[in-house]
>>> print(open('final29.txt').read())   # compact mmCIF, C-alpha atoms and all ligand atoms
# COMPACT_ATOMS: atom_id res chain seq x y z
CA MET A 1 98.51 102.99 78.27
CA LYS A 2 98.79 105.76 80.78
CA ILE A 3 99.58 104.31 84.20
CA GLY A 4 98.78 106.34 87.32
CA VAL A 5 100.99 105.48 90.29
CA LEU A 6 100.12 106.46 93.86
CA GLY A 7 103.49 107.23 95.40
CA SER A 8 106.58 108.63 93.68
CA GLY A 9 109.58 106.91 95.26
CA GLN A 10 112.13 104.40 94.00
CA LEU A 11 109.57 101.66 93.41
CA GLY A 12 107.66 104.05 91.16
CA ARG A 13 110.92 104.85 89.41
CA MET A 14 111.70 101.19 88.74
CA LEU A 15 108.11 100.55 87.58
CA ALA A 16 108.45 103.40 85.08
CA LEU A 17 111.90 102.24 83.94
CA ALA A 18 110.31 98.85 83.17
CA GLY A 19 107.07 100.20 81.69
CA ILE A 20 108.34 102.96 79.41
CA PRO A 21 110.07 100.49 77.03
CA LEU A 22 106.71 98.68 76.73
CA GLY A 23 105.21 101.91 75.35
CA HIS A 24 103.44 103.10 78.50
CA THR A 25 103.47 106.56 80.01
CA PHE A 26 103.38 107.34 83.72
CA ALA A 27 101.88 109.85 86.12
CA PHE A 28 102.72 109.94 89.85
CA TYR A 29 100.66 111.28 92.74
CA ASP A 30 102.17 111.75 96.16
CA ALA A 31 101.71 113.80 99.30
CA VAL A 32 105.35 114.85 99.02
CA LEU A 33 106.98 114.13 95.67
CA SER A 34 110.23 112.16 95.78
CA PRO A 35 113.08 113.06 93.41
CA SER A 36 113.23 109.38 92.33
CA THR A 37 110.55 109.77 89.65
CA ARG A 38 111.72 113.10 88.21
CA GLY A 39 111.72 113.01 84.42
CA LEU A 40 109.74 109.76 84.23
CA GLY A 41 106.24 111.17 83.86
CA GLU A 42 103.80 113.78 85.09
CA ARG A 43 103.95 114.43 88.80
CA CYS A 44 101.19 115.75 90.97
CA SER A 45 101.37 116.49 94.68
CA GLY A 46 98.41 116.61 97.01
CA PRO A 47 97.04 114.94 100.10
CA PHE A 48 95.57 111.46 99.74
CA SER A 49 92.49 112.80 101.51
CA ASP A 50 91.74 115.16 98.60
CA ILE A 51 89.43 112.86 96.65
CA ALA A 52 88.58 115.55 94.06
CA GLN A 53 92.25 116.05 93.21
CA LEU A 54 92.83 112.29 93.11
CA ARG A 55 89.91 111.91 90.71
CA ALA A 56 91.34 114.64 88.46
CA PHE A 57 94.70 112.83 88.56
CA ALA A 58 93.08 109.52 87.61
CA ALA A 59 90.82 110.88 84.85
CA PRO A 60 93.37 110.64 81.99
CA CYS A 61 94.88 107.36 83.29
CA ASP A 62 93.92 103.91 81.98
CA VAL A 63 94.87 102.06 85.15
CA ILE A 64 95.94 103.00 88.67
CA THR A 65 98.51 101.19 90.78
CA TYR A 66 100.44 102.05 93.92
CA GLU A 67 103.99 101.68 95.18
CA PHE A 68 103.39 101.83 98.93
CA GLU A 69 100.88 99.96 101.05
CA ASN A 70 99.77 102.82 103.27
CA VAL A 71 97.66 104.43 100.56
CA PRO A 72 94.44 105.30 102.44
CA CYS A 73 91.75 102.73 101.60
CA GLN A 74 89.18 105.51 100.99
CA ALA A 75 91.43 106.98 98.29
CA ALA A 76 91.87 103.58 96.59
CA ALA A 77 88.13 102.85 96.82
CA ALA A 78 87.21 106.26 95.35
CA LEU A 79 89.57 105.67 92.42
CA ALA A 80 88.34 102.11 91.92
CA ALA A 81 84.89 103.54 91.17
CA LEU A 82 86.46 105.36 88.20
CA LYS A 83 89.28 103.20 86.88
CA PRO A 84 90.76 99.76 87.41
CA VAL A 85 92.92 99.87 90.56
CA TYR A 86 95.46 97.03 90.76
CA PRO A 87 96.31 95.33 93.08
CA PRO A 88 92.71 95.33 94.33
CA PRO A 89 92.01 97.75 97.20
CA ARG A 90 91.11 94.81 99.47
CA ALA A 91 94.80 93.86 99.43
CA LEU A 92 95.50 97.26 101.00
CA GLU A 93 92.85 96.75 103.67
CA VAL A 94 94.35 93.40 104.62
CA SER A 95 97.98 94.49 104.65
CA GLN A 96 97.48 97.79 106.51
CA ASP A 97 96.48 96.19 109.77
CA ARG A 98 98.77 93.50 111.14
CA VAL A 99 95.98 91.79 113.09
CA VAL A 100 93.62 91.69 110.08
CA GLU A 101 96.54 90.44 107.97
CA LYS A 102 97.41 87.58 110.31
CA GLU A 103 93.75 86.62 110.69
CA PHE A 104 93.53 86.61 106.90
CA PHE A 105 96.58 84.31 106.65
CA ARG A 106 95.09 81.96 109.22
CA SER A 107 91.74 81.89 107.40
CA LEU A 108 93.67 80.53 104.39
CA GLY A 109 95.48 77.90 106.47
CA ILE A 110 98.77 79.83 106.32
CA SER A 111 100.87 79.54 109.52
CA THR A 112 101.65 82.74 111.42
CA PRO A 113 103.39 83.43 114.73
CA ALA A 114 100.99 83.04 117.68
CA PHE A 115 99.54 86.51 118.24
CA ARG A 116 97.11 88.63 120.24
CA ALA A 117 95.60 92.06 119.62
CA ALA A 118 96.15 94.57 122.44
CA SER A 119 94.33 97.90 122.74
CA SER A 120 95.53 98.84 126.21
CA ALA A 121 98.52 98.38 128.53
CA GLU A 122 96.44 95.73 130.41
CA ASP A 123 95.75 93.81 127.20
CA LEU A 124 99.46 93.86 126.48
CA LEU A 125 100.29 92.29 129.86
CA LEU A 126 97.63 89.65 129.38
CA ALA A 127 99.01 88.83 125.92
CA LEU A 128 102.52 88.44 127.38
CA GLN A 129 101.19 86.00 129.96
CA GLU A 130 99.38 83.98 127.31
CA LEU A 131 102.15 83.94 124.72
CA GLY A 132 105.18 83.77 127.03
CA THR A 133 108.24 85.99 126.74
CA PRO A 134 110.05 87.39 124.87
CA CYS A 135 107.40 88.77 122.54
CA ILE A 136 107.58 91.12 119.60
CA VAL A 137 105.17 94.02 120.02
CA LYS A 138 104.25 96.02 116.92
CA THR A 139 101.85 98.81 116.09
CA ARG A 140 98.90 97.35 114.18
CA ARG A 141 99.22 100.08 111.55
CA MET A 142 101.93 102.10 109.80
CA GLY A 143 104.97 100.06 110.83
CA TYR A 144 107.76 99.54 108.29
CA ASP A 145 111.46 98.68 108.17
CA GLY A 146 111.39 97.54 111.81
CA LYS A 147 109.90 100.87 112.98
CA GLY A 148 106.96 100.81 115.38
CA GLN A 149 108.04 97.65 117.16
CA ALA A 150 109.80 96.48 120.31
CA ARG A 151 110.98 93.23 121.86
CA VAL A 152 109.43 92.78 125.29
CA SER A 153 110.53 90.34 128.00
CA SER A 154 109.08 91.77 131.23
CA ARG A 155 106.18 93.75 132.69
CA GLU A 156 108.42 96.82 132.92
CA GLU A 157 109.43 96.55 129.27
CA ALA A 158 105.78 96.11 128.34
CA ALA A 159 104.82 99.35 130.09
CA ARG A 160 107.69 101.16 128.37
CA ALA A 161 106.80 99.70 124.96
CA TRP A 162 103.16 100.77 125.37
CA GLU A 163 104.32 104.36 125.95
CA GLU A 164 107.09 104.39 123.36
CA LEU A 165 104.92 102.96 120.61
CA GLY A 166 102.45 105.80 121.23
CA SER A 167 99.67 104.06 123.23
CA VAL A 168 98.07 102.84 120.00
CA PRO A 169 96.48 99.47 119.12
CA LEU A 170 99.14 96.77 118.99
CA ILE A 171 99.75 93.24 117.86
CA VAL A 172 101.72 91.05 120.26
CA GLU A 173 103.55 88.18 118.58
CA ALA A 174 105.37 85.17 119.99
CA LEU A 175 109.03 85.26 119.02
CA VAL A 176 109.60 82.82 116.16
CA PRO A 177 112.96 81.03 116.52
CA PHE A 178 113.59 81.22 112.80
CA SER A 179 116.71 79.93 111.06
CA ARG A 180 116.41 82.50 108.28
CA GLU A 181 114.11 85.01 106.63
CA LEU A 182 112.78 84.33 103.15
CA SER A 183 110.39 86.07 100.83
CA VAL A 184 108.29 84.89 97.95
CA ILE A 185 107.33 87.22 95.12
CA ALA A 186 104.51 86.23 92.82
CA VAL A 187 102.51 87.88 90.08
CA ARG A 188 98.97 87.30 88.84
CA SER A 189 97.46 88.57 85.60
CA THR A 190 93.95 89.85 84.90
CA ASP A 191 93.02 86.42 83.50
CA GLY A 192 94.20 84.61 86.64
CA GLN A 193 97.54 83.24 85.41
CA ALA A 194 100.12 83.28 88.21
CA ARG A 195 103.89 82.94 88.33
CA THR A 196 106.25 82.81 91.29
CA TYR A 197 109.88 83.92 91.38
CA PRO A 198 112.54 81.77 93.05
CA LEU A 199 112.60 82.29 96.82
CA ALA A 200 114.77 85.10 98.15
CA CYS A 201 116.82 84.81 101.35
CA ASN A 202 116.97 88.10 103.22
CA ILE A 203 119.28 89.56 105.85
CA HIS A 204 118.21 92.70 107.74
CA ARG A 205 120.38 95.14 109.66
CA SER A 206 118.80 97.59 112.12
CA GLY A 207 115.39 96.50 110.83
CA ILE A 208 116.17 97.40 107.20
CA LEU A 209 116.83 94.89 104.42
CA HIS A 210 120.58 94.71 103.88
CA ARG A 211 121.11 91.77 101.54
CA SER A 212 118.86 89.58 99.48
CA GLU A 213 119.94 86.44 97.63
CA ILE A 214 118.02 84.82 94.78
CA PRO A 215 117.53 81.90 94.72
CA ALA A 216 117.68 81.26 98.45
CA PRO A 217 120.49 78.70 98.86
CA ARG A 218 119.77 75.17 100.08
CA ALA A 219 116.00 75.47 99.79
CA PRO A 220 114.46 72.00 99.48
CA GLN A 221 111.71 71.53 96.89
CA LYS A 222 109.17 70.98 99.67
CA LEU A 223 109.89 74.42 101.12
CA ILE A 224 109.72 76.06 97.69
CA GLN A 225 106.36 74.38 97.09
CA GLU A 226 105.09 75.56 100.47
CA ALA A 227 106.01 79.15 99.58
CA HIS A 228 104.33 78.84 96.17
CA ASP A 229 101.18 77.51 97.83
CA ILE A 230 101.13 80.41 100.31
CA ALA A 231 101.41 82.96 97.49
CA ALA A 232 98.80 81.18 95.37
CA LYS A 233 96.26 81.09 98.22
CA ILE A 234 96.59 84.83 98.78
CA LEU A 235 96.53 85.72 95.08
CA ASN A 236 93.45 83.65 94.42
CA GLU A 237 91.54 84.72 97.52
CA LEU A 238 92.02 88.40 96.64
CA SER A 239 91.47 87.94 92.85
CA TYR A 240 94.78 89.71 92.80
CA VAL A 241 96.33 91.48 89.81
CA GLY A 242 99.98 92.57 89.93
CA VAL A 243 102.98 91.66 92.06
CA LEU A 244 102.65 90.45 95.65
CA ALA A 245 105.42 89.78 98.15
CA VAL A 246 105.12 87.64 101.26
CA GLU A 247 107.78 87.81 103.98
CA LEU A 248 108.36 84.45 105.64
CA PHE A 249 110.32 82.92 108.48
CA GLU A 250 111.85 79.47 108.00
CA ALA A 251 111.58 77.63 111.30
CA GLY A 252 112.04 73.90 111.77
CA GLY A 253 111.90 73.32 108.02
CA ARG A 254 108.47 74.98 107.72
CA LEU A 255 107.33 78.45 106.73
CA VAL A 256 105.64 80.99 108.98
CA ALA A 257 104.14 84.09 107.33
CA ASN A 258 105.19 87.42 108.80
CA GLU A 259 103.60 89.93 106.46
CA MET A 260 102.60 90.64 102.89
CA ALA A 261 103.24 93.65 100.69
CA PRO A 262 100.72 94.26 97.88
CA ARG A 263 103.37 95.73 95.63
CA VAL A 264 106.80 95.23 94.13
CA HIS A 265 109.24 94.49 96.91
CA ASN A 266 112.79 95.36 97.92
CA SER A 267 113.76 91.67 98.07
CA GLY A 268 112.91 91.40 94.36
CA HIS A 269 115.15 94.18 93.10
CA ALA A 270 117.74 91.70 91.84
CA THR A 271 115.14 90.43 89.35
CA ILE A 272 115.92 93.52 87.22
CA ASP A 273 119.31 92.01 86.46
CA CYS A 274 118.90 88.29 87.07
CA SER A 275 115.44 87.37 85.76
CA VAL A 276 114.17 87.05 82.23
CA THR A 277 111.36 89.43 83.24
CA SER A 278 111.79 91.61 86.34
CA GLN A 279 109.19 91.98 89.08
CA PHE A 280 108.66 95.56 87.84
CA GLU A 281 108.01 94.56 84.24
CA ASN A 282 105.74 91.73 85.33
CA HIS A 283 103.74 94.10 87.53
CA ILE A 284 103.27 96.43 84.55
CA ARG A 285 102.42 93.50 82.26
CA ALA A 286 99.85 92.23 84.77
CA ILE A 287 98.06 95.53 85.36
CA THR A 288 97.95 96.41 81.66
CA GLY A 289 96.53 93.03 80.63
CA MET A 290 99.65 91.77 78.85
CA PRO A 291 100.83 88.14 79.07
CA LEU A 292 103.20 87.62 81.99
CA GLY A 293 106.90 87.26 81.32
CA SER A 294 109.15 84.45 82.46
CA VAL A 295 110.21 84.51 86.11
CA VAL A 296 113.15 82.21 85.43
CA SER A 297 116.57 83.40 86.64
CA ARG A 298 119.35 83.72 84.11
CA ALA A 299 121.89 83.65 86.96
CA PRO A 300 121.97 83.56 90.74
CA ALA A 301 122.22 87.03 92.26
CA VAL A 302 122.79 88.94 95.45
CA MET A 303 121.39 92.41 96.02
CA TYR A 304 122.72 94.88 98.61
CA ASN A 305 120.76 97.93 99.61
CA VAL A 306 122.66 101.19 99.62
CA ILE A 307 121.56 103.00 102.75
CA GLY A 308 122.48 106.47 103.95
CA THR A 309 125.57 107.18 101.85
CA VAL A 310 126.44 106.47 98.23
CA PRO A 311 129.48 104.18 97.94
CA ASP A 312 132.26 104.65 95.42
CA THR A 313 130.49 103.79 92.17
CA GLN A 314 133.80 103.78 90.25
CA GLN A 315 135.11 100.97 92.41
CA LEU A 316 131.80 99.11 92.32
CA ALA A 317 131.53 99.38 88.56
CA ALA A 318 135.05 98.00 88.23
CA LEU A 319 133.92 94.71 89.78
CA PRO A 320 132.74 92.02 87.36
CA ASN A 321 129.00 91.28 87.18
CA VAL A 322 127.97 94.29 89.25
CA THR A 323 125.18 96.70 88.37
CA VAL A 324 124.60 99.91 90.27
CA HIS A 325 121.11 101.37 90.70
CA LEU A 326 120.87 104.79 92.32
CA TYR A 327 117.50 106.38 92.98
CA GLY A 328 118.34 110.09 92.63
CA LYS A 329 117.71 110.72 96.32
CA GLU A 330 119.71 112.99 98.59
CA PRO A 331 121.64 110.66 100.96
CA ARG A 332 120.74 110.85 104.64
CA PRO A 333 121.10 108.37 107.50
CA GLY A 334 118.80 105.36 107.22
CA ARG A 335 117.51 106.34 103.76
CA LYS A 336 117.53 103.80 100.94
CA VAL A 337 119.36 105.60 98.14
CA GLY A 338 120.11 102.72 95.80
CA HIS A 339 120.96 99.08 95.44
CA ILE A 340 123.76 97.01 93.96
CA THR A 341 123.22 93.69 92.21
CA LEU A 342 125.95 91.11 91.86
CA LEU A 343 125.32 88.29 89.40
CA SER A 344 126.79 84.79 89.83
CA PRO A 345 128.38 85.93 93.08
CA SER A 346 131.71 84.43 94.09
CA ALA A 347 132.49 84.74 97.81
CA GLU A 348 135.32 87.11 96.86
CA ASP A 349 133.15 89.47 94.76
CA ALA A 350 130.35 89.41 97.35
CA GLY A 351 132.90 90.31 100.03
CA ALA A 352 134.22 93.21 97.93
CA VAL A 353 130.72 94.61 97.29
CA GLU A 354 129.78 94.17 100.94
CA LEU A 355 132.90 96.08 102.01
CA LEU A 356 132.19 98.96 99.63
CA VAL A 357 128.52 99.15 100.63
CA ARG A 358 129.22 98.90 104.36
CA GLY A 359 132.22 101.22 104.15
CA ALA A 360 129.98 103.96 102.85
CA GLN A 361 127.60 103.70 105.80
P1 LIG B 401 108.32 93.36 110.42
O1 LIG B 401 108.21 94.84 110.56
O2 LIG B 401 107.10 92.63 110.85
O3 LIG B 401 108.76 92.96 109.03
O4 LIG B 401 109.51 92.91 111.38
C1 LIG B 401 110.84 93.35 111.20
C2 LIG B 401 111.81 92.25 111.57
O5 LIG B 401 111.63 91.89 112.96
C3 LIG B 401 111.61 90.95 110.80
O6 LIG B 401 112.26 91.01 109.56
C4 LIG B 401 112.21 89.94 111.76
O7 LIG B 401 113.62 89.97 111.68
C5 LIG B 401 111.81 90.48 113.13
N1 LIG B 401 110.53 89.89 113.58
C6 LIG B 401 109.30 90.40 113.34
N2 LIG B 401 108.34 89.62 113.88
C7 LIG B 401 108.97 88.59 114.48
C8 LIG B 401 108.53 87.44 115.24
N3 LIG B 401 107.25 87.20 115.50
N4 LIG B 401 109.48 86.58 115.67
C9 LIG B 401 110.80 86.80 115.44
N5 LIG B 401 111.27 87.87 114.75
C10 LIG B 401 110.38 88.76 114.29
>>> encode(input="final29.txt", output="structure tokens", more="lines below")
Ligand code: AMP
Amino acid sequence: MKIGVLGSGQLGRMLALAGIPLGHTFAFYDAVLSPSTRGLGERCSGPFSDIAQLRAFAAPCDVITYEFENVPCQAAAALAALKPVYPPPRALEVSQDRVVEKEFFRSLGISTPAFRAASSAEDLLLALQELGTPCIVKTRRMGYDGKGQARVSSREEAARAWEELGSVPLIVEALVPFSRELSVIAVRSTDGQARTYPLACNIHRSGILHRSEIPAPRAPQKLIQEAHDIAAKILNELSYVGVLAVELFEAGGRLVANEMAPRVHNSGHATIDCSVTSQFENHIRAITGMPLGSVVSRAPAVMYNVIGTVPDTQQLAALPNVTVHLYGKEPRPGRKVGHITLLSPSAEDAGAVELLVRGAQ
């Protein structure tokens, strides 16, 4: 099949690297093309508002998918009138607005932080009074990697946050006293079969994912089941096709949903090396109508993001059980340029990888 991907970054790259061996070809459409997908298929640049150009892009494709969740809903809807678009455009609508997303979770009985919508500085103050401080204040739309958010503990900080976040509609969330951050990645096929990867345990630095461990250590079966149920509710409600990720907080032995990503996810990158079938291959299998592959892990794994600067790949490659994945991007501060996976991590090997990755930053 010919798979059209909206977006052209590293997730598109890893989708193509998984899909090409299955006999598929790829085409990428992006406002600004990323070097990550060079050589992996046709590439077309244009604004997402140019529906005529998007239609021309989609015409020779058998199926359309996307690798980032801020694809404009109008673009996805216009393409869905022509070709199958997976995951379904409604997943974009839900995930693009943090208030809609949390209301959606609640409608399915999924716990979220207490929250309020705020469309003015006065609303924000009222929300702080109702929720108590500190609160996390985030833009409703277009936030990612910890951008577009602030922690607010006082009226003064609220006024500053309103200005600094651009005087745009906000969500105000109660601070969740979580013990750790987890994510669940699941995949659903066109015939409604679903599979869920082992939980990942995630550590962020400066708002960006730094380290992800699969399976999350010391996760009781009850917690794993709760995560599976959360993913299943969302998948079924949206008649979802493809890979979905849900970011979760573990607090008091229960799970609280933070957000969902209707796409392959950074916390699932280790599945390339540790799972029988990676999240990328399973996404491709799902959207092309193939049977899903096994989500079982062959070995425990830890993934480290490579951010800003490329570490010494010679030294990394010399470590046992390490695989290096670079995305072909020019390094610059804060940019994800690759990731490193360590299988069956000993504390010693994990320490060595961590040192090399951190040392480069
Ligand atoms: P987000 O952009 O929503 O993924 O938030 C980025 C990070 O901020 C999360 O990974 C958490 O570490 C933290 N965070 C976000 N929302 C909350 C909350 N309601 N309570 C506590 N920490 C939060």
>>> atom_distance(input="final29.txt", atom1="CA of Arg188 (chain A)", atom2="CA of Leu79 (chain A)")
20.9 Å
>>> closest_residue(input="final29.txt", among="A:Arg218, A:Leu356, A:Lys336, A:Ala245", to="Thr313 (chain A)", atoms="all atoms listed in the file")
A:Leu356
>>> closest_residue(input="final29.txt", among="A:Glu354, A:Glu259, A:Glu130, A:Glu281", to="Val302 (chain A)", atoms="all atoms listed in the file")
A:Glu354
>>> atom_distance(input="final29.txt", atom1="CA of Val353 (chain A)", atom2="CA of Gln279 (chain A)")
23.2 Å
>>> atom_distance(input="final29.txt", atom1="CA of Gln10 (chain A)", atom2="CA of Glu69 (chain A)")
14.0 Å
>>> residues_near_ligand(input="final29.txt", ligand="ligand LIG 401 (chain B)", cutoff="7 Å", atoms="only C-alpha atoms and all ligand atoms", output="list in words")
Pro113, Ile136, Gly143, Tyr144, Asp145, Gly146, Lys147, Glu173, Ala174, Leu175, Val176, Pro177, Phe178, Glu181, His204, Gly207, Asn258 and Glu259 of chain A
>>> residues_around(input="final29.txt", residues="Ser95 (chain A)", least_positions_apart="4", cutoff="12 Å", atoms="only C-alpha atoms", output="MDAnalysis selection string")
chainID A and resid 68:73 87:91 99:105 140:144 234 238 244:247 258:263
>>> closest_residue(input="final29.txt", among="A:His339, A:His210, A:Lys2, A:Lys233", to="Gly109 (chain A)", atoms="all atoms listed in the file")
A:Lys233
>>> closest_residue(input="final29.txt", among="A:Ala27, A:Ala158, A:Ala286, A:Leu209", to="Ser183 (chain A)", atoms="only C-alpha atoms")
A:Leu209
>>> closest_residue(input="final29.txt", among="A:Gln193, A:Thr112, A:Asn236, A:Thr341", to="Thr323 (chain A)", atoms="all atoms listed in the file")
A:Thr341
>>> residues_around(input="final29.txt", residues="Lys83 (chain A)", least_positions_apart="5", cutoff="8 Å", atoms="only C-alpha atoms", output="list of chain:residue names")
A:Ala58, A:Cys61, A:Asp62, A:Val63, A:Ile64
